[in-house]
>>> print(open('entry18.tsv').read())   # TSV, C-alpha atoms
chain	number	residue	atom	x	y	z
A	1	GLY	CA	22.27	49.35	-3.06
A	2	GLU	CA	20.89	46.03	-1.97
A	3	ASP	CA	21.11	43.29	-4.57
A	4	VAL	CA	20.82	39.51	-4.79
A	5	GLU	CA	22.39	37.50	-7.61
A	6	GLN	CA	21.73	33.92	-8.63
A	7	SER	CA	22.59	31.70	-11.55
A	8	LEU	CA	19.55	31.27	-13.78
A	9	PHE	CA	19.47	27.57	-14.60
A	10	LEU	CA	20.48	24.25	-13.12
A	11	SER	CA	19.84	20.85	-14.59
A	12	VAL	CA	20.34	17.63	-12.62
A	13	ARG	CA	19.38	13.99	-12.78
A	14	GLU	CA	16.95	12.43	-10.36
A	15	GLY	CA	18.76	11.15	-7.30
A	16	ASP	CA	21.70	13.54	-7.64
A	17	SER	CA	22.32	16.49	-5.33
A	18	SER	CA	21.48	20.01	-6.48
A	19	VAL	CA	23.37	23.07	-5.30
A	20	ILE	CA	21.91	26.49	-5.95
A	21	ASN	CA	24.12	29.47	-5.23
A	22	CYS	CA	23.36	33.07	-4.35
A	23	THR	CA	25.33	36.18	-3.49
A	24	TYR	CA	23.92	39.15	-1.64
A	25	THR	CA	25.14	42.61	-0.78
A	26	ASP	CA	23.63	43.70	2.52
A	27	SER	CA	25.72	42.35	5.36
A	28	SER	CA	23.21	43.67	7.90
A	29	SER	CA	20.50	41.19	6.84
A	30	THR	CA	19.38	39.29	9.90
A	31	TYR	CA	17.90	36.38	8.00
A	32	LEU	CA	18.43	34.98	4.53
A	33	TYR	CA	15.76	32.94	2.82
A	34	TRP	CA	15.10	30.35	0.18
A	35	TYR	CA	11.71	30.28	-1.53
A	36	LYS	CA	10.34	27.82	-4.07
A	37	GLN	CA	7.92	28.73	-6.85
A	38	GLU	CA	6.14	26.06	-8.84
A	39	PRO	CA	4.57	26.94	-12.22
A	40	GLY	CA	1.60	29.26	-11.87
A	41	ALA	CA	1.85	29.34	-8.09
A	42	GLY	CA	2.97	31.75	-5.41
A	43	LEU	CA	6.15	31.48	-3.42
A	44	GLN	CA	6.58	28.93	-0.70
A	45	LEU	CA	9.11	29.51	2.05
A	46	LEU	CA	11.47	26.54	2.05
A	47	THR	CA	13.91	27.49	4.72
A	48	TYR	CA	15.80	30.41	6.19
A	49	ILE	CA	19.03	30.89	8.08
A	50	PHE	CA	19.92	33.35	10.78
A	51	SER	CA	22.93	35.44	9.88
A	52	ASN	CA	25.04	34.21	12.81
A	53	MET	CA	24.79	30.61	11.62
A	54	ASP	CA	27.04	28.88	9.10
A	55	MET	CA	24.80	25.98	8.27
A	56	LYS	CA	21.26	24.80	8.70
A	57	GLN	CA	19.94	21.37	7.81
A	58	ASP	CA	16.30	20.49	7.33
A	59	GLN	CA	15.65	16.97	6.01
A	60	ARG	CA	16.92	16.99	2.38
A	61	LEU	CA	17.79	20.67	2.48
A	62	THR	CA	21.11	22.11	3.63
A	63	VAL	CA	21.75	25.84	3.69
A	64	LEU	CA	25.33	27.10	3.88
A	65	LEU	CA	26.14	30.72	4.67
A	66	ASN	CA	29.53	32.32	4.12
A	67	LYS	CA	29.04	35.72	5.64
A	68	LYS	CA	32.53	36.93	4.78
A	69	ASP	CA	31.94	36.32	1.06
A	70	LYS	CA	28.20	37.10	1.30
A	71	HIS	CA	27.47	33.77	-0.31
A	72	LEU	CA	24.47	31.56	0.38
A	73	SER	CA	23.81	28.13	-1.04
A	74	LEU	CA	20.96	25.64	-0.97
A	75	ARG	CA	21.75	21.96	-1.35
A	76	ILE	CA	18.95	19.53	-2.12
A	77	ALA	CA	19.93	15.93	-1.52
A	78	ASP	CA	18.43	13.09	-3.56
A	79	THR	CA	16.73	15.51	-5.94
A	80	GLN	CA	13.32	14.37	-7.18
A	81	THR	CA	11.30	15.39	-10.23
A	82	GLY	CA	8.91	17.13	-7.85
A	83	ASP	CA	11.74	19.48	-6.91
A	84	SER	CA	11.61	21.01	-10.41
A	85	ALA	CA	10.73	24.65	-9.79
A	86	ILE	CA	12.21	28.12	-9.55
A	87	TYR	CA	14.20	28.77	-6.39
A	88	PHE	CA	14.58	32.29	-5.09
A	89	CYS	CA	17.17	33.55	-2.67
A	90	ALA	CA	16.11	36.59	-0.62
A	91	GLU	CA	17.48	38.97	1.97
A	92	SER	CA	15.70	41.62	3.97
A	93	THR	CA	16.01	45.32	3.20
A	94	GLN	CA	18.03	47.53	5.51
A	95	ALA	CA	14.80	48.95	6.85
A	96	GLY	CA	13.64	45.42	7.60
A	97	THR	CA	10.28	46.05	5.98
A	98	ALA	CA	10.55	43.92	2.85
A	99	LEU	CA	12.44	41.16	1.10
A	100	ILE	CA	14.81	41.55	-1.84
A	101	PHE	CA	14.72	38.62	-4.19
A	102	GLY	CA	17.15	37.33	-6.75
A	103	LYS	CA	15.90	36.55	-10.26
A	104	GLY	CA	15.50	32.91	-9.39
A	105	THR	CA	17.23	29.69	-10.42
A	106	THR	CA	15.19	27.32	-12.55
A	107	LEU	CA	15.93	23.77	-11.42
A	108	SER	CA	15.17	21.09	-13.96
A	109	VAL	CA	15.25	17.48	-12.77
A	110	SER	CA	15.32	14.72	-15.36
A	111	SER	CA	14.52	11.08	-14.66
B	1	ASN	CA	-7.00	27.22	7.50
B	2	ALA	CA	-7.11	29.38	4.40
B	3	GLY	CA	-3.88	30.88	3.15
B	4	VAL	CA	-3.46	34.20	1.41
B	5	MET	CA	-6.12	34.63	-1.24
B	6	GLN	CA	-5.82	36.83	-4.26
B	7	ASN	CA	-8.38	37.63	-6.87
B	8	PRO	CA	-8.75	37.67	-9.66
B	9	ARG	CA	-6.08	35.16	-10.62
B	10	HIS	CA	-5.95	36.49	-14.15
B	11	LEU	CA	-6.91	39.97	-15.26
B	12	VAL	CA	-6.90	41.40	-18.75
B	13	ARG	CA	-7.13	45.14	-19.23
B	14	ARG	CA	-6.82	47.42	-22.22
B	15	ARG	CA	-4.40	50.30	-22.12
B	16	GLY	CA	-5.89	53.20	-20.20
B	17	GLN	CA	-8.23	51.13	-18.05
B	18	GLU	CA	-7.98	50.62	-14.31
B	19	ALA	CA	-6.87	47.40	-12.64
B	20	ARG	CA	-7.92	46.47	-9.11
B	21	LEU	CA	-6.15	43.58	-7.44
B	22	ARG	CA	-7.43	42.15	-4.18
B	23	CYS	CA	-5.61	40.35	-1.42
B	24	SER	CA	-7.15	38.68	1.62
B	25	PRO	CA	-4.42	37.88	4.15
B	26	VAL	CA	-4.27	34.84	6.36
B	27	LYS	CA	-6.79	35.20	9.17
B	28	GLY	CA	-5.19	37.10	12.02
B	29	HIS	CA	-2.41	38.59	9.91
B	30	SER	CA	-2.28	42.36	10.06
B	31	HIS	CA	0.67	42.98	7.74
B	32	VAL	CA	0.38	42.89	3.97
B	33	TYR	CA	3.09	43.25	1.34
B	34	TRP	CA	2.73	43.63	-2.41
B	35	TYR	CA	5.39	42.50	-4.86
B	36	ARG	CA	5.56	42.61	-8.65
B	37	GLN	CA	7.22	39.97	-10.81
B	38	LEU	CA	8.03	40.96	-14.35
B	39	PRO	CA	8.66	38.19	-16.88
B	40	GLU	CA	11.90	36.32	-16.09
B	41	GLU	CA	12.59	38.59	-13.15
B	42	GLY	CA	12.56	38.14	-9.42
B	43	LEU	CA	9.93	39.68	-7.22
B	44	LYS	CA	10.29	43.39	-6.58
B	45	PHE	CA	8.90	44.90	-3.42
B	46	MET	CA	6.23	47.54	-3.93
B	47	VAL	CA	4.52	48.40	-0.66
B	48	TYR	CA	4.09	47.28	2.94
B	49	LEU	CA	0.87	48.01	4.77
B	50	GLN	CA	-0.60	47.44	8.16
B	51	LYS	CA	-4.27	47.93	8.85
B	52	GLU	CA	-5.19	51.44	7.65
B	53	ASN	CA	-1.53	52.48	7.37
B	54	ILE	CA	1.12	52.48	4.69
B	55	ILE	CA	4.42	51.64	6.37
B	56	ASP	CA	6.80	51.53	3.42
B	57	GLU	CA	5.91	52.42	-0.16
B	58	SER	CA	9.46	52.87	-1.40
B	59	GLY	CA	8.91	50.37	-4.22
B	60	MET	CA	5.72	51.88	-5.57
B	61	PRO	CA	5.85	53.81	-8.84
B	62	LYS	CA	5.14	57.45	-8.10
B	63	GLU	CA	2.18	57.72	-10.44
B	64	ARG	CA	-0.88	55.60	-11.21
B	65	PHE	CA	-0.28	53.06	-8.43
B	66	SER	CA	-1.93	53.09	-5.03
B	67	ALA	CA	-2.57	50.58	-2.27
B	68	GLU	CA	-4.78	50.38	0.76
B	69	PHE	CA	-5.51	47.95	3.56
B	70	PRO	CA	-8.71	49.08	5.24
B	71	LYS	CA	-9.85	48.15	8.70
B	72	GLU	CA	-12.37	45.76	7.18
B	73	GLY	CA	-11.95	43.87	3.95
B	74	PRO	CA	-9.08	42.93	1.67
B	75	SER	CA	-6.05	44.92	0.69
B	76	ILE	CA	-6.39	46.53	-2.72
B	77	LEU	CA	-3.66	47.39	-5.20
B	78	ARG	CA	-5.00	49.83	-7.74
B	79	ILE	CA	-3.35	50.68	-11.04
B	80	GLN	CA	-4.88	53.53	-12.97
B	81	GLN	CA	-4.52	54.05	-16.73
B	82	VAL	CA	-2.63	50.80	-17.23
B	83	VAL	CA	0.14	50.55	-19.81
B	84	ARG	CA	1.70	47.48	-21.43
B	85	GLY	CA	4.67	47.69	-19.07
B	86	ASP	CA	2.32	46.99	-16.15
B	87	SER	CA	1.82	43.43	-17.44
B	88	ALA	CA	3.24	41.24	-14.69
B	89	ALA	CA	2.36	38.89	-11.87
B	90	TYR	CA	1.43	40.72	-8.69
B	91	PHE	CA	1.93	38.83	-5.47
B	92	CYS	CA	0.58	39.63	-2.07
B	93	ALA	CA	2.09	38.30	1.14
B	94	SER	CA	0.90	38.55	4.71
B	95	SER	CA	2.54	38.06	8.07
B	96	PRO	CA	1.38	37.95	11.67
B	97	PRO	CA	1.93	41.01	13.85
B	98	ALA	CA	4.91	39.68	15.78
B	99	SER	CA	6.87	38.25	12.87
B	100	GLY	CA	6.92	40.91	10.19
B	101	ILE	CA	8.95	39.97	7.16
B	102	TYR	CA	10.43	36.94	8.87
B	103	GLU	CA	7.30	34.93	8.28
B	104	GLN	CA	5.69	35.97	5.01
B	105	TYR	CA	3.06	33.79	3.42
B	106	PHE	CA	2.51	34.39	-0.27
B	107	GLY	CA	-0.66	34.22	-2.27
B	108	PRO	CA	-0.89	32.58	-5.71
B	109	GLY	CA	-0.65	35.94	-7.49
B	110	THR	CA	-2.71	37.90	-9.99
B	111	ARG	CA	-1.44	37.82	-13.53
B	112	LEU	CA	-2.23	41.12	-15.20
B	113	THR	CA	-2.13	41.35	-18.96
B	114	VAL	CA	-2.47	44.73	-20.61
B	115	THR	CA	-3.47	44.63	-24.26
>>> encode(input="entry18.tsv", output="structure tokens")
Amino acid sequence: GEDVEQSLFLSVREGDSSVINCTYTDSSSTYLYWYKQEPGAGLQLLTYIFSNMDMKQDQRLTVLLNKKDKHLSLRIADTQTGDSAIYFCAESTQAGTALIFGKGTTLSVSS
Amino acid sequence: NAGVMQNPRHLVRRRGQEARLRCSPVKGHSHVYWYRQLPEEGLKFMVYLQKENIIDESGMPKERFSAEFPKEGPSILRIQQVVRGDSAAYFCASSPPASGIYEQYFGPGTRLTVT
């Protein structure tokens, strides 16, 4: 079945780069997504990548996709304390009618 | 421009009562999705609705749960005879007609506590 796996925690210092990793199972996903959830809030779409791309850069965010290994990563450059949140990786279902989320990676940024 | 609105934000119910969760999508969005987030878990898809139609309910428990998105008014997720295991955060998302799941906007969620 479809599944998305992520590491649960990541701790970095302010100013360092953060790399959050994700593996997924459904190779037919057209898009793969990264969402951010701050405490007590809903999910905010950070970025997404089309499955025929290897990399996408958006300001401090870089998404890398290794389709062969079904591996997705999110790199946050110059991590700030405001980046502390839970980051969810997601792929679409085979039917294309919903998203499948990983359990989320809690990013903790210390000053 | 208001985003997705959900109410109530917090809901406490005793076992056996009914819970009604409301979701008002972004203006102009005709697709609504409901997800459930159990403690320390990711979001799990429950149901996808368009106006007056259920498109995909493959994630809905077979009993006690129902959802609707009427022609007028918000989408409602209804849980009958709640049990402690229903305690979770319930998120609604909406998307415009042309984008589907590629452009989902999430609400702040309703946190249901069953005592």
>>> interface_residues(input="entry18.tsv", of="chain B", to="chain A", cutoff="6 Å", atoms="all atoms listed in the file", output="list in words")
Glu41, Gly42, Leu43, Phe106, Gly107, Pro108 and Gly109 of chain B
>>> residues_around(input="entry18.tsv", residues="Lys56 in chain A", least_positions_apart="5", cutoff="12 Å", atoms="all atoms listed in the file", output="list of chain:residue names")
A:Leu32, A:Tyr33, A:Trp34, A:Leu46, A:Thr47, A:Tyr48, A:Ile49, A:Phe50, A:Ser51, A:Leu61, A:Thr62, A:Val63, A:Leu64, A:Leu65, A:Leu72, A:Ser73, A:Leu74, A:Arg75
>>> closest_residue(input="entry18.tsv", among="B:Asn7, B:Gln37, B:Gln17, B:Gln50", to="Ser95 in chain B", atoms="only C-alpha atoms")
B:Gln50
>>> atom_distance(input="entry18.tsv", atom1="CA of Cys92 in chain B", atom2="CA of Gln94 in chain A")
20.6 Å
>>> atom_distance(input="entry18.tsv", atom1="CA of Glu52 in chain B", atom2="CA of Pro70 in chain B")
4.9 Å
>>> atom_distance(input="entry18.tsv", atom1="CA of Tyr48 in chain B", atom2="CA of Arg9 in chain B")
20.8 Å
>>> closest_residue(input="entry18.tsv", among="B:Val114, B:Leu49, B:Leu38, B:Ala2", to="Ile79 in chain B", atoms="only C-alpha atoms")
B:Val114
>>> residues_around(input="entry18.tsv", residues="Gly85 in chain B", least_positions_apart="3", cutoff="12 Å", atoms="all atoms listed in the file", output="ChimeraX atom specification")
/B:14-16,36-39,61,79,81-82,88-89,112-115
>>> residues_near_point(input="entry18.tsv", point="(24.7, 33.2, -7.8)", cutoff="6 Å", atoms="all atoms listed in the file", output="PyMOL selection string")
chain A and resi 5-7+21-23
>>> build_atoms(input="entry18.tsv", residues="range 100-111 of chain B", atoms="all heavy atoms", output="compact mmCIF listing (two decimals), keeping the file's coordinate frame")
# COMPACT_ATOMS: atom_id res chain seq x y z
N GLY B 100 6.51 40.03 11.27
CA GLY B 100 6.92 40.91 10.19
C GLY B 100 7.41 40.12 8.99
O GLY B 100 6.85 39.10 8.62
N ILE B 101 8.49 40.59 8.40
CA ILE B 101 8.95 39.97 7.16
C ILE B 101 9.55 38.60 7.38
O ILE B 101 9.80 37.87 6.44
CB ILE B 101 9.98 40.85 6.43
CG1 ILE B 101 11.23 41.05 7.31
CG2 ILE B 101 9.39 42.17 6.04
CD1 ILE B 101 12.39 41.62 6.54
N TYR B 102 9.78 38.22 8.62
CA TYR B 102 10.43 36.94 8.87
C TYR B 102 9.51 35.77 8.62
O TYR B 102 9.95 34.63 8.59
CB TYR B 102 10.97 36.91 10.30
CG TYR B 102 11.86 38.09 10.59
CD1 TYR B 102 11.54 39.00 11.58
CD2 TYR B 102 13.00 38.32 9.83
CE1 TYR B 102 12.34 40.10 11.81
CE2 TYR B 102 13.79 39.42 10.05
CZ TYR B 102 13.47 40.30 11.05
OH TYR B 102 14.25 41.40 11.27
N GLU B 103 8.24 36.03 8.46
CA GLU B 103 7.30 34.93 8.28
C GLU B 103 6.23 35.37 7.29
O GLU B 103 5.08 35.57 7.64
CB GLU B 103 6.67 34.58 9.63
CG GLU B 103 5.97 33.25 9.65
CD GLU B 103 5.38 32.94 11.03
OE1 GLU B 103 5.79 33.57 12.01
OE2 GLU B 103 4.49 32.08 11.09
N GLN B 104 6.62 35.54 6.04
CA GLN B 104 5.69 35.97 5.01
C GLN B 104 5.08 34.77 4.31
O GLN B 104 5.78 33.86 3.90
CB GLN B 104 6.40 36.84 3.98
CG GLN B 104 6.74 38.23 4.47
CD GLN B 104 7.19 39.14 3.35
OE1 GLN B 104 7.01 38.86 2.17
NE2 GLN B 104 7.80 40.24 3.72
N TYR B 105 3.79 34.82 4.15
CA TYR B 105 3.06 33.79 3.42
C TYR B 105 2.54 34.44 2.13
O TYR B 105 1.86 35.45 2.18
CB TYR B 105 1.89 33.27 4.24
CG TYR B 105 2.30 32.53 5.49
CD1 TYR B 105 2.59 33.23 6.65
CD2 TYR B 105 2.40 31.14 5.50
CE1 TYR B 105 2.98 32.56 7.80
CE2 TYR B 105 2.78 30.47 6.64
CZ TYR B 105 3.07 31.18 7.79
OH TYR B 105 3.46 30.52 8.92
N PHE B 106 2.86 33.82 1.02
CA PHE B 106 2.51 34.39 -0.27
C PHE B 106 1.22 33.81 -0.83
O PHE B 106 0.93 32.62 -0.67
CB PHE B 106 3.64 34.16 -1.28
CG PHE B 106 4.79 35.11 -1.11
CD1 PHE B 106 5.75 34.90 -0.14
CD2 PHE B 106 4.89 36.24 -1.91
CE1 PHE B 106 6.80 35.79 0.03
CE2 PHE B 106 5.94 37.14 -1.76
CZ PHE B 106 6.89 36.90 -0.78
N GLY B 107 0.49 34.67 -1.51
CA GLY B 107 -0.66 34.22 -2.27
C GLY B 107 -0.25 33.69 -3.63
O GLY B 107 0.93 33.77 -3.99
N PRO B 108 -1.21 33.18 -4.41
CA PRO B 108 -0.89 32.58 -5.71
C PRO B 108 -0.64 33.61 -6.80
O PRO B 108 -0.18 33.26 -7.88
CB PRO B 108 -2.14 31.77 -6.03
CG PRO B 108 -3.24 32.47 -5.30
CD PRO B 108 -2.62 33.02 -4.06
N GLY B 109 -0.93 34.88 -6.52
CA GLY B 109 -0.65 35.94 -7.49
C GLY B 109 -1.81 36.25 -8.40
O GLY B 109 -2.72 35.44 -8.60
N THR B 110 -1.79 37.47 -8.93
CA THR B 110 -2.71 37.90 -9.99
C THR B 110 -1.86 38.22 -11.20
O THR B 110 -0.93 39.02 -11.12
CB THR B 110 -3.50 39.15 -9.58
OG1 THR B 110 -4.38 38.83 -8.51
CG2 THR B 110 -4.31 39.68 -10.77
N ARG B 111 -2.18 37.57 -12.29
CA ARG B 111 -1.44 37.82 -13.53
C ARG B 111 -2.20 38.84 -14.36
O ARG B 111 -3.28 38.53 -14.87
CB ARG B 111 -1.19 36.52 -14.28
CG ARG B 111 0.00 35.79 -13.69
CD ARG B 111 -0.07 34.29 -13.78
NE ARG B 111 1.11 33.69 -13.13
CZ ARG B 111 1.19 33.42 -11.83
NH1 ARG B 111 0.18 33.65 -11.04
NH2 ARG B 111 2.29 32.90 -11.32
